[in-house]
>>> print(open('model30.cif').read())   # mmCIF, C-alpha atoms and all ligand atoms
data_start
loop_
_atom_site.label_atom_id
_atom_site.label_comp_id
_atom_site.auth_asym_id
_atom_site.auth_seq_id
_atom_site.Cartn_x
_atom_site.Cartn_y
_atom_site.Cartn_z
CA MET M 1 85.37 100.33 107.42
CA THR M 2 85.40 103.18 109.82
CA ASP M 3 84.24 106.71 109.22
CA THR M 4 87.69 108.20 109.09
CA ILE M 5 91.15 107.18 110.17
CA SER M 6 93.91 108.44 112.45
CA PHE M 7 97.47 109.36 111.46
CA SER M 8 98.80 106.12 112.94
CA GLN M 9 96.30 104.14 110.86
CA GLU M 10 97.32 106.10 107.77
CA VAL M 11 100.94 105.18 108.43
CA SER M 12 100.04 101.54 109.15
CA ASN M 13 98.20 101.38 105.83
CA LEU M 14 101.47 102.21 104.10
CA LEU M 15 103.25 99.22 105.56
CA TYR M 16 103.49 96.03 103.61
CA ALA M 17 100.55 93.73 104.22
CA ALA M 18 99.67 95.69 107.34
CA GLU M 19 97.71 93.64 109.80
CA GLY M 20 95.96 95.92 112.21
CA GLU M 21 98.24 98.60 113.54
CA PRO M 22 101.67 97.18 114.42
CA ILE M 23 102.96 100.55 115.61
CA LYS M 24 100.31 100.66 118.32
CA THR M 25 101.93 97.71 120.10
CA CYS M 26 105.15 99.67 120.83
CA ILE M 27 106.01 99.50 124.52
CA GLN M 28 108.45 102.45 124.33
CA CYS M 29 111.35 100.34 125.56
CA GLY M 30 113.86 102.36 123.53
CA THR M 31 115.76 99.37 122.18
CA CYS M 32 115.42 100.76 118.66
CA SER M 33 116.92 104.15 119.59
CA GLY M 34 119.66 102.54 121.64
CA THR M 35 120.70 100.37 118.74
CA CYS M 36 120.36 102.96 115.96
CA PRO M 37 123.74 104.15 114.60
CA VAL M 38 122.33 107.49 113.42
CA ALA M 39 120.01 108.29 116.33
CA GLY M 40 122.41 111.00 117.44
CA TYR M 41 121.84 112.95 114.24
CA MET M 42 118.08 112.59 114.13
CA ASP M 43 115.67 115.32 115.26
CA TYR M 44 113.75 112.62 117.12
CA THR M 45 114.92 109.08 117.84
CA PRO M 46 113.03 106.12 116.35
CA ARG M 47 111.30 105.51 119.70
CA GLN M 48 110.19 109.14 119.86
CA ILE M 49 108.92 109.08 116.28
CA ILE M 50 106.76 106.06 117.06
CA ALA M 51 105.35 107.74 120.16
CA MET M 52 104.62 110.86 118.10
CA ILE M 53 102.84 108.88 115.38
CA ASN M 54 100.69 107.21 118.01
CA GLN M 55 99.86 110.65 119.41
CA GLY M 56 98.81 111.87 115.95
CA MET M 57 101.56 114.52 115.77
CA LYS M 58 101.55 114.48 111.97
CA GLU M 59 103.11 117.88 111.27
CA GLN M 60 106.02 117.40 113.66
CA VAL M 61 106.71 113.91 112.31
CA LEU M 62 106.74 115.08 108.69
CA GLU M 63 108.91 118.08 109.55
CA SER M 64 111.58 115.90 111.14
CA ASN M 65 114.72 114.54 109.49
CA THR M 66 114.44 111.20 111.31
CA PHE M 67 113.19 108.95 108.53
CA TRP M 68 115.41 110.61 105.92
CA TYR M 69 118.44 109.92 108.10
CA CYS M 70 117.59 106.25 108.57
CA ALA M 71 120.38 104.22 107.00
CA SER M 72 118.20 101.10 106.60
CA CYS M 73 120.61 99.02 108.62
CA TYR M 74 117.72 97.00 110.13
CA HIS M 75 119.32 96.81 113.58
CA CYS M 76 116.22 98.23 115.28
CA THR M 77 113.90 95.86 113.43
CA VAL M 78 115.90 92.80 114.39
CA ARG M 79 115.96 93.78 118.06
CA CYS M 80 112.46 95.17 118.64
CA PRO M 81 110.75 92.96 121.26
CA GLN M 82 107.36 93.73 119.70
CA ASP M 83 108.43 92.68 116.21
CA ILE M 84 107.68 96.10 114.80
CA ASN M 85 109.33 96.59 111.42
CA ILE M 86 110.76 100.02 112.18
CA THR M 87 112.88 100.17 109.04
CA GLU M 88 109.80 99.57 106.91
CA LEU M 89 108.09 102.29 108.91
CA MET M 90 110.90 104.72 108.02
CA TYR M 91 110.38 103.88 104.33
CA ALA M 92 106.64 104.36 104.73
CA LEU M 93 107.22 107.84 106.13
CA LYS M 94 109.46 108.69 103.18
CA ARG M 95 106.70 107.68 100.76
CA TYR M 96 104.10 109.55 102.75
CA SER M 97 106.09 112.77 102.79
CA ILE M 98 107.00 112.56 99.09
CA TRP M 99 103.43 111.82 98.06
CA LYS M 100 102.13 114.67 100.18
CA GLY M 101 104.95 116.92 99.00
CA GLN M 102 105.67 117.76 102.61
CA HIS M 103 109.19 117.45 103.96
CA LYS M 104 111.89 119.37 105.71
CA GLU M 105 113.89 121.77 103.55
CA GLY M 106 117.51 121.15 102.64
CA LEU M 107 117.61 117.37 103.01
CA ILE M 108 119.59 115.21 100.62
CA GLY M 109 117.08 112.33 100.75
CA PRO M 110 114.17 113.67 98.67
CA THR M 111 116.45 115.23 96.01
CA PHE M 112 118.51 112.09 95.78
CA SER M 113 115.45 109.83 95.46
CA GLU M 114 114.11 111.96 92.64
CA ALA M 115 117.41 111.99 90.74
CA PHE M 116 117.74 108.25 91.21
CA VAL M 117 114.26 107.33 89.97
CA LYS M 118 114.52 109.65 86.98
CA MET M 119 117.79 108.08 85.99
CA ILE M 120 116.50 104.54 86.25
CA VAL M 121 113.49 105.37 84.11
CA ARG M 122 115.57 107.13 81.46
CA GLY M 123 118.54 104.81 81.23
CA GLY M 124 117.30 101.60 82.80
CA ARG M 125 120.06 101.61 85.38
CA SER M 126 122.01 103.66 87.86
CA PHE M 127 124.98 105.80 86.74
CA GLU M 128 126.82 107.45 89.58
CA PRO M 129 128.62 110.28 87.75
CA ILE M 130 125.22 111.73 86.78
CA LEU M 131 123.55 110.86 90.03
CA ALA M 132 126.08 112.62 92.22
CA PRO M 133 126.13 116.07 90.56
CA SER M 134 122.36 116.16 90.14
CA TYR M 135 121.85 116.34 93.86
CA ILE M 136 125.11 117.65 95.13
CA PHE M 137 124.66 121.08 93.56
CA SER M 138 121.97 121.74 96.10
CA PHE M 139 124.57 121.52 98.81
CA GLY M 140 127.74 123.21 99.95
CA LEU M 141 130.97 123.74 98.02
CA ARG M 142 133.02 121.76 100.50
CA GLU M 143 130.85 118.67 100.13
CA LEU M 144 130.97 119.05 96.37
CA LEU M 145 134.78 119.25 96.31
CA GLN M 146 135.00 116.23 98.56
CA GLU M 147 132.72 114.27 96.23
CA VAL M 148 134.76 115.30 93.18
CA THR M 149 137.97 114.21 94.89
CA ASN M 150 136.44 110.86 95.74
CA ALA M 151 135.04 110.43 92.24
CA THR M 152 138.36 111.26 90.60
CA GLU M 153 140.11 108.67 92.70
CA LEU M 154 137.48 106.10 91.79
CA LEU M 155 137.79 106.98 88.10
CA LEU M 156 141.57 106.64 88.17
CA LYS M 157 141.24 103.26 89.80
CA GLY M 158 138.73 102.16 87.20
CA ARG M 159 135.92 101.86 89.72
CA LEU M 160 133.65 104.44 88.06
CA PRO M 161 132.53 104.19 84.44
CA ILE M 162 133.09 107.27 82.27
CA LEU M 163 130.06 106.76 80.00
CA PRO M 164 126.60 105.80 81.18
CA ALA M 165 125.80 102.21 80.29
CA ARG M 166 122.33 101.77 78.86
CA ILE M 167 120.50 98.55 79.26
CA LYS M 168 119.58 96.49 76.23
CA ARG M 169 116.04 96.95 74.94
CA LEU M 170 115.52 100.23 76.74
CA ASP M 171 112.31 100.84 74.77
CA ASN M 172 110.86 97.61 76.09
CA PHE M 173 111.78 98.64 79.59
CA LYS M 174 110.01 101.97 79.18
CA ARG M 175 106.96 100.29 77.72
CA ILE M 176 106.82 98.00 80.73
CA ILE M 177 106.83 100.98 83.07
CA GLY M 178 104.15 102.63 80.93
CA ARG M 179 102.00 99.55 81.29
CA ILE M 180 102.35 99.43 85.01
CA ILE M 181 101.45 103.06 85.43
CA PRO M 182 98.98 104.67 83.02
CA MET M 183 100.74 108.00 82.87
CA GLY M 184 102.42 109.62 79.91
CA GLY M 185 105.60 111.65 79.83
CA LEU M 186 108.07 108.81 80.13
CA GLU M 187 110.46 110.26 77.55
CA MET X 1 67.57 101.63 92.99
CA THR X 2 70.38 103.27 94.93
CA LYS X 3 73.74 102.60 93.34
CA LYS X 4 76.38 101.21 95.63
CA LEU X 5 79.96 102.41 95.19
CA LEU X 6 83.22 101.33 96.78
CA MET X 7 86.04 103.80 97.22
CA ILE X 8 89.57 102.53 97.84
CA ASP X 9 91.82 105.45 98.79
CA ASP X 10 94.32 105.96 101.59
CA ASP X 11 93.89 109.69 102.01
CA PRO X 12 91.19 110.37 104.65
CA ASP X 13 90.82 114.07 103.77
CA PHE X 14 90.29 113.36 100.10
CA VAL X 15 87.89 110.52 100.86
CA ALA X 16 85.79 112.77 103.11
CA GLY X 17 85.33 115.31 100.31
CA ILE X 18 84.48 112.84 97.56
CA LYS X 19 82.18 110.81 99.79
CA ALA X 20 80.22 113.94 100.75
CA ILE X 21 79.71 114.83 97.08
CA LEU X 22 78.53 111.34 96.18
CA ASP X 23 76.36 110.93 99.29
CA ASN X 24 74.64 114.17 98.35
CA ALA X 25 74.03 112.90 94.84
CA GLY X 26 72.20 109.90 96.28
CA PHE X 27 74.87 107.22 96.02
CA GLU X 28 75.68 104.76 98.74
CA VAL X 29 79.44 104.94 99.29
CA GLU X 30 81.58 102.50 101.22
CA VAL X 31 85.23 103.27 101.94
CA ALA X 32 88.33 101.12 102.32
CA TYR X 33 91.47 102.97 103.37
CA ASN X 34 93.93 100.33 102.25
CA PRO X 35 94.22 97.94 99.30
CA LYS X 36 93.83 94.87 101.44
CA GLU X 37 90.56 95.93 103.01
CA GLY X 38 89.39 97.08 99.59
CA LEU X 39 90.11 93.78 97.92
CA HIS X 40 88.32 91.95 100.70
CA ALA X 41 85.22 94.13 100.25
CA LEU X 42 85.26 93.54 96.49
CA GLN X 43 85.39 89.81 96.98
CA THR X 44 82.64 89.64 99.57
CA LYS X 45 80.14 92.27 98.44
CA GLN X 46 78.71 93.62 95.26
CA TYR X 47 79.17 97.15 93.94
CA ASP X 48 78.00 99.10 90.92
CA LEU X 49 81.27 100.98 90.56
CA LEU X 50 84.73 101.19 92.05
CA LEU X 51 86.55 104.46 92.73
CA LEU X 52 90.22 103.56 92.86
CA ASP X 53 93.30 105.45 93.99
CA ILE X 54 96.70 104.43 92.61
CA MET X 55 99.48 105.39 94.99
CA MET X 56 98.79 103.39 98.14
CA GLY X 57 100.71 101.10 100.47
CA ARG X 58 104.18 100.36 99.11
CA GLY X 59 103.63 102.09 95.76
CA ALA X 60 101.22 101.78 92.86
CA GLU X 61 99.08 99.20 94.67
CA GLY X 62 95.90 100.51 93.02
CA ILE X 63 97.26 99.09 89.77
CA MET X 64 97.64 95.72 91.43
CA ILE X 65 93.96 95.80 92.36
CA ALA X 66 92.97 96.77 88.82
CA ARG X 67 94.98 93.85 87.48
CA LYS X 68 93.31 91.44 89.87
CA LEU X 69 89.91 92.69 88.71
CA ARG X 70 90.84 92.07 85.11
CA LYS X 71 91.54 88.44 85.87
CA ASP X 72 88.27 87.93 87.70
CA VAL X 73 85.40 86.90 85.42
CA LYS X 74 82.74 88.52 87.55
CA LEU X 75 84.60 91.58 88.80
CA ARG X 76 85.88 92.66 85.42
CA GLU X 77 82.38 93.71 84.43
CA MET X 78 82.33 96.33 87.17
CA PRO X 79 83.18 99.84 85.96
CA VAL X 80 86.25 101.47 87.51
CA LEU X 81 87.00 105.15 87.89
CA ILE X 82 90.62 105.70 88.77
CA ILE X 83 91.08 108.92 90.69
CA THR X 84 94.72 109.65 91.21
CA GLY X 85 96.97 112.42 92.36
CA MET X 86 100.08 110.54 91.37
CA ARG X 87 101.28 113.06 88.84
CA GLU X 88 101.38 115.63 91.57
CA GLN X 89 102.70 113.08 94.04
CA ILE X 90 105.61 112.03 91.85
CA ALA X 91 105.45 114.65 89.13
CA PHE X 92 109.15 114.44 88.39
CA LEU X 93 108.43 111.11 86.77
CA PHE X 94 105.26 111.89 84.84
CA PRO X 95 105.18 115.27 83.19
CA GLY X 96 102.90 114.16 80.33
CA GLU X 97 99.19 113.49 79.96
CA PRO X 98 97.49 110.52 81.59
CA ILE X 99 96.67 107.64 79.26
CA HIS X 100 93.36 105.80 79.29
CA PRO X 101 94.17 102.85 81.57
CA ARG X 102 92.07 100.05 79.96
CA PHE X 103 92.43 97.67 82.82
CA VAL X 104 88.86 96.44 82.67
CA GLU X 105 86.10 96.79 80.07
CA VAL X 106 84.78 100.06 81.40
CA ASP X 107 87.27 102.32 83.07
CA GLU X 108 88.57 105.84 83.06
CA LEU X 109 91.21 107.92 84.78
CA VAL X 110 90.71 111.35 86.29
CA GLU X 111 93.16 113.40 88.27
CA LYS X 112 92.85 114.89 91.72
CA PRO X 113 91.48 117.38 92.53
CA VAL X 114 88.13 116.39 91.05
CA GLU X 115 85.41 118.83 90.16
CA PRO X 116 82.09 117.67 91.75
CA LYS X 117 79.90 118.00 88.64
CA MET X 118 82.40 116.15 86.48
CA LEU X 119 82.73 113.42 89.09
CA ILE X 120 79.01 112.71 89.20
CA GLU X 121 78.75 112.77 85.41
CA LYS X 122 81.61 110.32 85.05
CA VAL X 123 80.21 107.97 87.68
CA ASN X 124 76.78 107.96 86.06
CA SER X 125 78.05 107.46 82.54
CA LEU X 126 80.44 104.66 83.54
CA ILE X 127 77.67 102.79 85.36
CA LEU X 128 75.38 103.25 82.36
CA THR X 129 77.99 102.05 79.87
CA ALA X 130 78.70 98.97 81.97
CA GLU X 131 75.00 98.16 82.30
CA THR X 132 74.40 98.57 78.57
CA LYS X 133 77.35 96.31 77.80
CA LYS X 134 76.09 93.70 80.19
CA ALA X 135 72.55 93.84 78.79
CA GLY X 136 73.94 93.51 75.26
CA LYS X 137 75.77 90.34 76.20
CA LYS X 138 72.67 88.55 77.39
S1 LIG G 1 112.21 98.60 120.17
FE1 LIG G 1 110.10 98.25 119.45
S2 LIG G 1 108.85 98.29 121.32
FE2 LIG G 1 110.84 99.18 121.85
S3 LIG G 1 110.54 101.40 121.59
FE3 LIG G 1 111.37 100.60 119.67
S4 LIG G 1 109.56 100.15 118.42
FE4 LIG G 1 108.85 100.37 120.52
S1 LIG G 2 117.13 100.82 110.32
FE1 LIG G 2 117.16 103.06 110.47
S2 LIG G 2 116.09 103.54 112.37
FE2 LIG G 2 116.62 101.36 112.44
S3 LIG G 2 118.57 101.29 113.55
FE3 LIG G 2 119.07 101.35 111.37
S4 LIG G 2 119.31 103.56 110.89
FE4 LIG G 2 118.26 103.41 112.89
#
>>> encode(input="model30.cif", output="structure tokens")
Amino acid sequence: MTDTISFSQEVSNLLYAAEGEPIKTCIQCGTCSGTCPVAGYMDYTPRQIIAMINQGMKEQVLESNTFWYCASCYHCTVRCPQDINITELMYALKRYSIWKGQHKEGLIGPTFSEAFVKMIVRGGRSFEPILAPSYIFSFGLRELLQEVTNATELLLKGRLPILPARIKRLDNFKRIIGRIIPMGGLE
Amino acid sequence: MTKKLLMIDDDPDFVAGIKAILDNAGFEVEVAYNPKEGLHALQTKQYDLLLLDIMMGRGAEGIMIARKLRKDVKLREMPVLIITGMREQIAFLFPGEPIHPRFVEVDELVEKPVEPKMLIEKVNSLILTAETKKAGKK
């Protein structure tokens, strides 16, 4: 129990069953970045993000799009010679930035997560026709039209439901959530 | 006798503030920055009260600790003050009022940020209630 902790310890504490500080063992080999299918679109590659966390560059890390762009493909994690669970790290950074209310403007990730969780809590399951518009309005007209075209095609082919399906015993489901988390406002 | 408190919270800035307030008020405060360390401390040492955060690790891991306490014959007599910022952290999910948690016999929930005077009052009254309950049982 130390006096206070560094940013890399904070991040390590968010990882599942963190033993020590796995991120600290990174040897900067770049295998993760080389294998990442979205590295080209990220502000910083996975390798760079890890170096930045270890340097305590909190603001720059949180301001980046890197972890929101992670597609959770797990390629990096499988190939890391140090057995660092980089994908889990990307999830940890998402939690961290949502909990701190600190993330880059204009990203789909945070808005989408919010819409998704709200929907699950209200209806007990995911329903794409509501999910899509609730985040897509924050973005451009072209993207919206593209989504509508896709959705219409899916509807015509019977691949998208027209009405949201509710799970059985929705009240029970809500009560369960209420028991896990002692907060009101679950209506 | 000096009362010994354990604080389990992953936010170093918040911990520093709360610890300073409680140190000043004459409490002995130990800190664990993750649920695992916290649970270990609870199982190996004795405390008069637990200050518990909710959103840690992979999610609401503070709740998992509270549930473990409830199942432990000895630990469930310890008072717990849940201090959480979760409504602000994931406000889109919880617009309402917090509900009294009732995880253990003596517990309460307050929300971050915490006012120093209120914090000390709550800590004192929870410890007192727990002690009275314990004395009554004997
Ligand atoms: S593959 Fe592993 S060791 Fe190599 S840079 Fe990435 S995280 Fe570090
Ligand atoms: S899990 Fe994320 S960071 Fe790792 S390779 Fe896939 S997209 Fe890149």
>>> axis_aligned_box(input="model30.cif", around="ligand LIG 2 (chain G)", padding_each_side="3 Å", output="AutoDock Vina command-line options")
--center_x 117.7 --center_y 102.2 --center_z 111.9 --size_x 9.2 --size_y 8.7 --size_z 9.2
>>> residues_near_ligand(input="model30.cif", ligand="ligand LIG 1 (chain G)", cutoff="6 Å", atoms="all atoms listed in the file", output="list of chain:residue names")
M:Cys26, M:Ile27, M:Gln28, M:Cys29, M:Gly30, M:Thr31, M:Cys32, M:Arg47, M:Cys80, M:Pro81, M:Gln82, M:Ile84
>>> atom_distance(input="model30.cif", atom1="atom CA of Glu108 of chain X", atom2="atom CA of Ile82 of chain X")
6.1 Å
>>> atom_distance(input="model30.cif", atom1="atom CA of Asp72 of chain X", atom2="atom CA of Thr4 of chain M")
29.5 Å
>>> residues_near_ligand(input="model30.cif", ligand="ligand LIG 2 (chain G)", cutoff="8 Å", atoms="all atoms listed in the file", output="MDAnalysis selection string")
chainID M and resid 32:33 35:39 45:46 66:67 69:77 86:87 90
>>> interface_residues(input="model30.cif", of="chain X", to="chain M", cutoff="8 Å", atoms="all atoms listed in the file", output="PyMOL selection string")
chain X and resi 10-12+16+30-34+36+56-58+60+63+86-90+92-101
>>> closest_residue(input="model30.cif", among="X:Gly26, X:Pro113, X:Gly59, X:Pro35", to="Gly85 of chain X", atoms="all atoms listed in the file")
X:Pro113
>>> atom_distance(input="model30.cif", atom1="atom CA of Met57 of chain M", atom2="atom CA of Thr25 of chain M")
17.4 Å
>>> closest_residue(input="model30.cif", among="X:Ile21, X:Leu50, X:Ala130, X:Val106", to="Ile83 of chain X", atoms="all atoms listed in the file")
X:Leu50
